[in-house]
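Reproduced below: data.txt, with compact mmCIF, C-alpha atoms and all ligand atoms.
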```
# COMPACT_ATOMS: atom_id res chain seq x y z
CA MET A 22 0.00 0.00 0.00
CA THR A 23 1.52 3.36 -0.97
CA ARG A 24 0.61 6.29 1.18
CA LYS A 25 1.28 9.99 1.05
CA GLY A 26 3.70 11.32 3.63
CA ILE A 27 2.45 12.98 6.80
CA LEU A 28 3.19 16.62 7.52
CA PHE A 29 4.16 17.19 11.17
CA VAL A 30 4.08 20.83 12.23
CA ILE A 31 6.02 21.59 15.42
CA SER A 32 5.31 24.97 16.88
CA GLY A 33 5.17 26.92 20.12
CA PRO A 34 6.57 30.06 21.76
CA SER A 35 10.00 31.06 20.51
CA GLY A 36 12.83 29.89 22.75
CA VAL A 37 10.80 26.94 24.01
CA GLY A 38 13.36 24.44 22.72
CA LYS A 39 11.56 23.31 19.54
CA GLY A 40 14.80 23.27 17.56
CA THR A 41 16.63 21.06 20.05
CA ILE A 42 13.72 18.62 20.30
CA CYS A 43 13.52 18.38 16.49
CA LYS A 44 17.29 17.83 16.12
CA ARG A 45 17.23 14.98 18.65
CA LEU A 46 14.16 13.47 17.01
CA LEU A 47 15.78 13.52 13.56
CA ALA A 48 18.84 11.76 14.94
CA LYS A 49 16.54 8.96 16.15
CA MET A 50 14.26 8.91 13.09
CA PRO A 51 16.31 9.50 9.91
CA ASP A 52 13.26 8.66 7.77
CA VAL A 53 11.62 11.96 8.78
CA TYR A 54 12.61 14.89 6.55
CA LEU A 55 13.15 18.35 8.06
CA SER A 56 12.11 21.30 5.94
CA ILE A 57 14.81 24.00 5.87
CA SER A 58 13.19 27.43 6.18
CA ALA A 59 14.22 30.59 4.39
CA THR A 60 14.81 33.73 6.44
CA THR A 61 15.98 37.31 6.09
CA ARG A 62 17.58 37.34 9.53
CA PRO A 63 21.38 37.28 9.51
CA PRO A 64 23.06 33.99 10.43
CA ARG A 65 24.11 33.56 14.06
CA SER A 66 27.61 32.28 14.69
CA GLY A 67 27.91 28.64 13.71
CA GLU A 68 24.82 28.67 11.48
CA LEU A 69 25.20 27.50 7.89
CA HIS A 70 23.28 28.45 4.73
CA GLY A 71 21.37 25.40 3.52
CA ARG A 72 21.72 23.51 6.81
CA ASP A 73 20.13 25.78 9.42
CA TYR A 74 18.28 28.15 7.08
CA TYR A 75 18.44 29.55 3.58
CA PHE A 76 19.66 33.03 4.46
CA LEU A 77 18.16 35.36 1.86
CA SER A 78 18.11 39.09 1.18
CA ARG A 79 14.76 40.82 1.67
CA ALA A 80 14.52 41.29 -2.13
CA ASP A 81 15.06 37.57 -2.79
CA PHE A 82 12.56 36.63 -0.11
CA GLU A 83 9.94 39.00 -1.52
CA HIS A 84 10.59 37.60 -5.00
CA MET A 85 9.76 34.12 -3.67
CA ILE A 86 6.58 35.46 -2.02
CA ASN A 87 5.48 36.98 -5.34
CA ASN A 88 6.15 33.68 -7.13
CA ASN A 89 4.03 31.76 -4.59
CA GLU A 90 7.04 29.68 -3.63
CA PHE A 91 6.15 29.49 0.08
CA LEU A 92 3.75 27.13 1.77
CA GLU A 93 3.55 29.78 4.48
CA TYR A 94 5.59 32.72 5.60
CA ALA A 95 5.47 35.09 8.55
CA LYS A 96 7.21 38.13 9.87
CA VAL A 97 8.75 37.21 13.21
CA TYR A 98 10.50 39.99 15.16
CA ASN A 99 11.04 42.11 12.00
CA ASN A 100 12.43 39.33 9.86
CA TYR A 101 10.70 37.13 7.34
CA TYR A 102 10.65 33.36 7.81
CA GLY A 103 9.06 31.00 5.32
CA THR A 104 8.67 27.35 4.33
CA PRO A 105 9.65 26.68 0.71
CA ALA A 106 6.76 24.71 -0.79
CA ALA A 107 8.64 22.51 -3.30
CA PHE A 108 10.62 20.46 -0.76
CA VAL A 109 7.55 19.68 1.35
CA GLN A 110 5.28 18.83 -1.60
CA ASP A 111 7.88 16.59 -3.28
CA HIS A 112 8.51 14.56 -0.14
CA LEU A 113 4.84 14.18 0.79
CA GLU A 114 4.12 13.02 -2.77
CA LYS A 115 6.89 10.39 -2.47
CA GLY A 116 5.36 9.13 0.79
CA ASN A 117 8.02 10.66 3.04
CA ASP A 118 7.03 12.26 6.34
CA VAL A 119 8.08 15.90 6.72
CA LEU A 120 8.72 17.94 9.85
CA LEU A 121 8.25 21.71 9.97
CA GLU A 122 9.57 23.69 12.92
CA ILE A 123 7.87 27.06 12.63
CA ASP A 124 6.25 29.84 14.64
CA ILE A 125 2.58 29.95 15.65
CA GLN A 126 1.43 32.32 12.87
CA GLY A 127 2.99 30.05 10.25
CA ALA A 128 1.46 26.93 11.80
CA MET A 129 -2.00 28.53 11.69
CA GLN A 130 -1.54 29.39 7.99
CA ILE A 131 -0.60 25.78 7.25
CA LYS A 132 -3.61 24.55 9.22
CA LYS A 133 -5.93 26.64 7.03
CA ASN A 134 -4.46 25.31 3.77
CA PHE A 135 -3.46 21.83 4.89
CA PRO A 136 -5.76 20.70 7.73
CA GLU A 137 -4.67 17.06 7.35
CA GLY A 138 -1.29 17.97 8.86
CA VAL A 139 -0.51 16.92 12.43
CA PHE A 140 -0.11 19.97 14.67
CA ILE A 141 2.08 19.62 17.75
CA PHE A 142 2.53 22.41 20.29
CA ILE A 143 5.65 22.58 22.46
CA GLN A 144 4.77 24.27 25.75
CA PRO A 145 7.37 25.69 28.17
CA PRO A 146 6.75 24.64 31.79
CA SER A 147 6.27 28.35 32.69
CA VAL A 148 6.99 31.90 31.49
CA ASP A 149 9.86 32.08 34.03
CA ASP A 150 11.39 29.00 32.49
CA LEU A 151 11.18 30.49 29.00
CA GLU A 152 12.90 33.68 30.22
CA SER A 153 15.80 31.76 31.69
CA ARG A 154 16.15 29.70 28.48
CA LEU A 155 16.32 32.86 26.35
CA ASN A 156 18.90 34.38 28.74
CA LEU A 157 20.93 31.19 28.86
CA ARG A 158 21.25 30.67 25.12
CA GLY A 159 22.93 34.09 25.00
CA LYS A 160 21.97 34.63 21.37
CA ASP A 161 19.51 37.47 21.90
CA SER A 162 19.87 41.05 23.12
CA PRO A 163 18.01 42.07 26.34
CA GLU A 164 15.55 44.13 24.22
CA SER A 165 14.84 41.18 21.97
CA ILE A 166 14.32 38.94 25.03
CA GLN A 167 11.78 41.42 26.49
CA LYS A 168 9.96 41.60 23.15
CA ARG A 169 9.79 37.82 22.95
CA LEU A 170 8.51 37.48 26.52
CA SER A 171 5.75 40.03 26.05
CA THR A 172 4.21 37.95 23.24
CA CYS A 173 4.84 34.74 25.16
CA LYS A 174 1.68 34.85 27.29
CA TRP A 175 -0.53 35.05 24.22
CA GLU A 176 1.51 32.36 22.53
CA MET A 177 1.20 29.96 25.46
CA ASP A 178 -2.60 30.01 25.13
CA GLN A 179 -2.55 28.97 21.46
CA TYR A 180 -2.17 25.25 22.21
CA ILE A 181 -5.96 24.85 21.92
CA HIS A 182 -5.64 24.96 18.10
CA TYR A 183 -3.29 21.96 18.02
CA ASP A 184 -3.72 18.18 17.96
CA TYR A 185 -1.06 17.46 20.60
CA VAL A 186 0.76 19.33 23.37
CA ILE A 187 4.19 18.41 24.71
CA VAL A 188 5.41 20.20 27.86
CA ASN A 189 9.15 20.61 27.50
CA ASP A 190 10.31 20.23 31.09
CA ASP A 191 12.59 17.30 30.28
CA LEU A 192 14.28 17.13 26.88
CA GLN A 193 14.57 13.35 26.69
CA GLU A 194 10.93 12.87 27.63
CA ALA A 195 9.81 15.54 25.12
CA VAL A 196 11.69 13.74 22.32
CA ARG A 197 10.19 10.41 23.41
CA LEU A 198 6.69 11.90 23.26
CA LEU A 199 7.26 13.39 19.81
CA GLU A 200 8.54 10.05 18.54
CA ALA A 201 5.47 8.32 20.02
CA ILE A 202 3.13 10.78 18.28
CA ILE A 203 4.85 10.20 14.92
CA LEU A 204 4.71 6.41 15.31
CA ALA A 205 1.04 6.51 16.32
CA GLU A 206 0.09 8.79 13.43
CA ARG A 207 1.75 6.38 11.00
CA CYS A 208 -0.56 3.61 12.25
CA ARG A 209 -3.72 5.68 11.99
CA VAL A 210 -6.47 4.39 9.70
CA LYS A 211 -7.44 7.38 7.57
P1 LIG A 301 15.12 31.92 15.17
O1 LIG A 301 15.41 33.27 14.61
O2 LIG A 301 15.31 31.85 16.67
O3 LIG A 301 15.84 30.81 14.45
O4 LIG A 301 13.54 31.63 14.92
C1 LIG A 301 12.58 32.53 15.36
C2 LIG A 301 11.21 31.91 15.19
O5 LIG A 301 10.90 31.72 13.80
C3 LIG A 301 11.08 30.53 15.85
O6 LIG A 301 9.85 30.49 16.57
C4 LIG A 301 11.04 29.59 14.67
O7 LIG A 301 10.29 28.42 14.95
C5 LIG A 301 10.33 30.44 13.64
N1 LIG A 301 10.53 29.94 12.27
C6 LIG A 301 11.60 29.31 11.75
N2 LIG A 301 11.38 28.98 10.48
C7 LIG A 301 10.13 29.40 10.16
C8 LIG A 301 9.32 29.32 8.97
O8 LIG A 301 9.69 28.79 7.94
N3 LIG A 301 8.09 29.87 9.05
C9 LIG A 301 7.60 30.46 10.17
N4 LIG A 301 6.37 30.94 10.15
N5 LIG A 301 8.34 30.54 11.31
C10 LIG A 301 9.58 30.01 11.30
```

What's the structure tokens form of this structure?
Amino acid sequence: MTRKGILFVISGPSGVGKGTICKRLLAKMPDVYLSISATTRPPRSGELHGRDYYFLSRADFEHMINNNEFLEYAKVYNNYYGTPAAFVQDHLEKGNDVLLEIDIQGAMQIKKNFPEGVFIFIQPPSVDDLESRLNLRGKDSPESIQKRLSTCKWEMDQYIHYDYVIVNDDLQEAVRLLEAIILAERCRVK
């Protein structure tokens, strides 16, 4: 029996640890394909074009918007982020499962256009916990941390629009839960 791939959309407040959970999951499940997003934000140290993101100029990003090349895109903290459509569509067509790690606005756009996706919300244990994570990773300025925290309360309430919630208070457990969701969804009779 050939089946189409399943689209797994991982989302949640920024700084909640989505990226780390997804990386660990992919190491355990190499048959899940991660979509690489495009962004106009500059690379952070250690980030590579084509591995972490496609780092694009604003003009190139807007060109892709005009050509309908994104499955979704959103402006997050003054930079564009978007999911190139071709990669996702090709893999789903081939029967490969695809993972998107995107912000809440993007996830809601995908849900509108692709309701058969599986929507998974990563919840921080508390706002205090999220603040210490953002401070600890040392990648963001104090202003950017304050901006992120002020939208965090609204973001934390958005889990009601998702199929699953994972509280990230223990990384290993969060990865185990994500793996369990993927395995269960593969067994679903649709
Ligand atoms: P960062 O700049 O820390 O890598 O990401 C900032 C936020 O943008 C995170 O919440 C991340 O999940 C989100 N993000 C990354 N890629 C995409 C994308 O393709 N689309 C959308 N809508 N958000 C994204």

Any chance you could tabulate, as CSV, the residues of chain A at most 9 Å from ligand LIG 301 (chain A) with each one's nearest atom pair and distance in Å to one decimal, using only C-alpha atoms and all ligand atoms, in chain and rising number order?
```
residue,atom,partner,partner_atom,distance
A:Ile31,CA,A:LIG301,O7,8.1
A:Ser32,CA,A:LIG301,O7,6.4
A:Gly33,CA,A:LIG301,O6,6.9
A:Pro34,CA,A:LIG301,O6,6.2
A:Ser35,CA,A:LIG301,O6,4.0
A:Gly36,CA,A:LIG301,O2,6.9
A:Val37,CA,A:LIG301,O6,8.3
A:Lys39,CA,A:LIG301,O7,7.0
A:Gly40,CA,A:LIG301,O7,7.3
A:Ser56,CA,A:LIG301,O8,8.1
A:Ile57,CA,A:LIG301,O8,7.3
A:Ser58,CA,A:LIG301,O8,4.1
A:Ala59,CA,A:LIG301,O8,6.0
A:Thr60,CA,A:LIG301,N2,7.1
A:Arg62,CA,A:LIG301,O1,6.9
A:Pro63,CA,A:LIG301,O1,8.8
A:Pro64,CA,A:LIG301,O1,8.7
A:Arg65,CA,A:LIG301,O1,8.7
A:Asp73,CA,A:LIG301,O3,8.3
A:Tyr74,CA,A:LIG301,N2,7.7
A:Phe91,CA,A:LIG301,O8,8.6
A:Leu92,CA,A:LIG301,O8,8.7
A:Glu93,CA,A:LIG301,N4,6.4
A:Tyr94,CA,A:LIG301,N4,4.9
A:Ala95,CA,A:LIG301,N4,4.5
A:Lys96,CA,A:LIG301,N4,7.2
A:Val97,CA,A:LIG301,O5,5.9
A:Tyr98,CA,A:LIG301,C1,7.7
A:Asn100,CA,A:LIG301,O1,8.3
A:Tyr101,CA,A:LIG301,C9,7.9
A:Tyr102,CA,A:LIG301,C8,4.4
A:Gly103,CA,A:LIG301,O8,3.5
A:Thr104,CA,A:LIG301,O8,4.0
A:Pro105,CA,A:LIG301,O8,7.5
A:Leu121,CA,A:LIG301,O8,7.5
A:Glu122,CA,A:LIG301,O7,5.2
A:Ile123,CA,A:LIG301,O7,3.6
A:Asp124,CA,A:LIG301,N5,4.0
A:Ile125,CA,A:LIG301,N4,6.8
A:Gln126,CA,A:LIG301,N4,5.8
A:Gly127,CA,A:LIG301,N4,3.5
A:Ala128,CA,A:LIG301,N4,6.6
A:Met129,CA,A:LIG301,N4,8.8
A:Gln130,CA,A:LIG301,N4,8.3
A:Lys160,CA,A:LIG301,O2,8.6
A:Asp161,CA,A:LIG301,O2,8.8
```

Name the residues in contact with Leu155 of chain A at a cut-off of 7 Å, using all atoms listed in the file, excluding same-chain residues fewer than 3 positions from it; report them as a PyMOL selection string.
chain A and resi 36+151-152+158-159+166

For C-alpha atoms, I'd like the residues from the last selection saved as a short mmCIF file (atom, residue, chain, number, x, y, z; two decimals), keeping the file's coordinate frame.
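Written file, selection.cif:
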```
data_model
loop_
_atom_site.label_atom_id
_atom_site.label_comp_id
_atom_site.auth_asym_id
_atom_site.auth_seq_id
_atom_site.Cartn_x
_atom_site.Cartn_y
_atom_site.Cartn_z
CA GLY A 36 12.83 29.89 22.75
CA LEU A 151 11.18 30.49 29.00
CA GLU A 152 12.90 33.68 30.22
CA ARG A 158 21.25 30.67 25.12
CA GLY A 159 22.93 34.09 25.00
CA ILE A 166 14.32 38.94 25.03
#
```

What does the distance between atom CA of Glu90 of chain A and atom CA of Asp111 of chain A come to in Å, to one decimal place?
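Distance between the two atoms: 13.1 Å.
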
Exercise: Ile141 of chain A partners within 8 Å, all atoms listed in the file, chain neighbours under 3 positions left out, as a PDB file with C-alpha atoms, in the coordinates of the input:
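Result file follows (out-v5.pdb):
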```pdb
ATOM      1  CA  PHE A  29       4.160  17.190  11.170  1.00  0.00           C
ATOM      2  CA  VAL A  30       4.080  20.830  12.230  1.00  0.00           C
ATOM      3  CA  ILE A  31       6.020  21.590  15.420  1.00  0.00           C
ATOM      4  CA  SER A  32       5.310  24.970  16.880  1.00  0.00           C
ATOM      5  CA  TYR A 183      -3.290  21.960  18.020  1.00  0.00           C
ATOM      6  CA  ASP A 184      -3.720  18.180  17.960  1.00  0.00           C
ATOM      7  CA  TYR A 185      -1.060  17.460  20.600  1.00  0.00           C
ATOM      8  CA  VAL A 186       0.760  19.330  23.370  1.00  0.00           C
ATOM      9  CA  ILE A 187       4.190  18.410  24.710  1.00  0.00           C
TER      10      ILE A 187
END
```

Set the distance at 9 Å and use all atoms listed in the file: which residues neighbour Leu55 of chain A once local chain neighbours fewer than 3 positions away are removed? I'd like the list as a ChimeraX atom specification.
/A:43,47,109,118-122

What gap, in Å, lies between atom CA of Asn189 of chain A and atom CA of Met177 of chain A?
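Distance reported for this atom pair: 12.4 Å.
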
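Residue nearest Asn99 of chain A within the list A:Lys132, A:Arg169, A:Val148, A:His112: A:Arg169 [criterion: smallest interatomic distance, all atoms listed in the file].
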
Separation of atom CA of Ile203 of chain A and atom CA of Leu69 of chain A, in Å?
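Between atom CA of Ile203 of chain A and atom CA of Leu69 of chain A the gap works out to 27.6 Å.
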
Assuming 5 Å of padding per side, give the centre and edge lengths of the axis-aligned box around every listed atom of segment 132-148 of chain A, in Å to one decimal and as AutoDock Vina command-line options.
```
--center_x 0.7 --center_y 24.4 --center_z 18.2 --size_x 23.3 --size_y 25.0 --size_z 38.9
```

Of the listed residues A:Asp81, A:Asp178, A:Asp150, A:Glu114, that which approaches Asp191 of chain A most closely, counting all atoms listed in the file:
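When distances to Asp191 of chain A are compared using all atoms listed in the file, the smallest one comes from A:Asp150.
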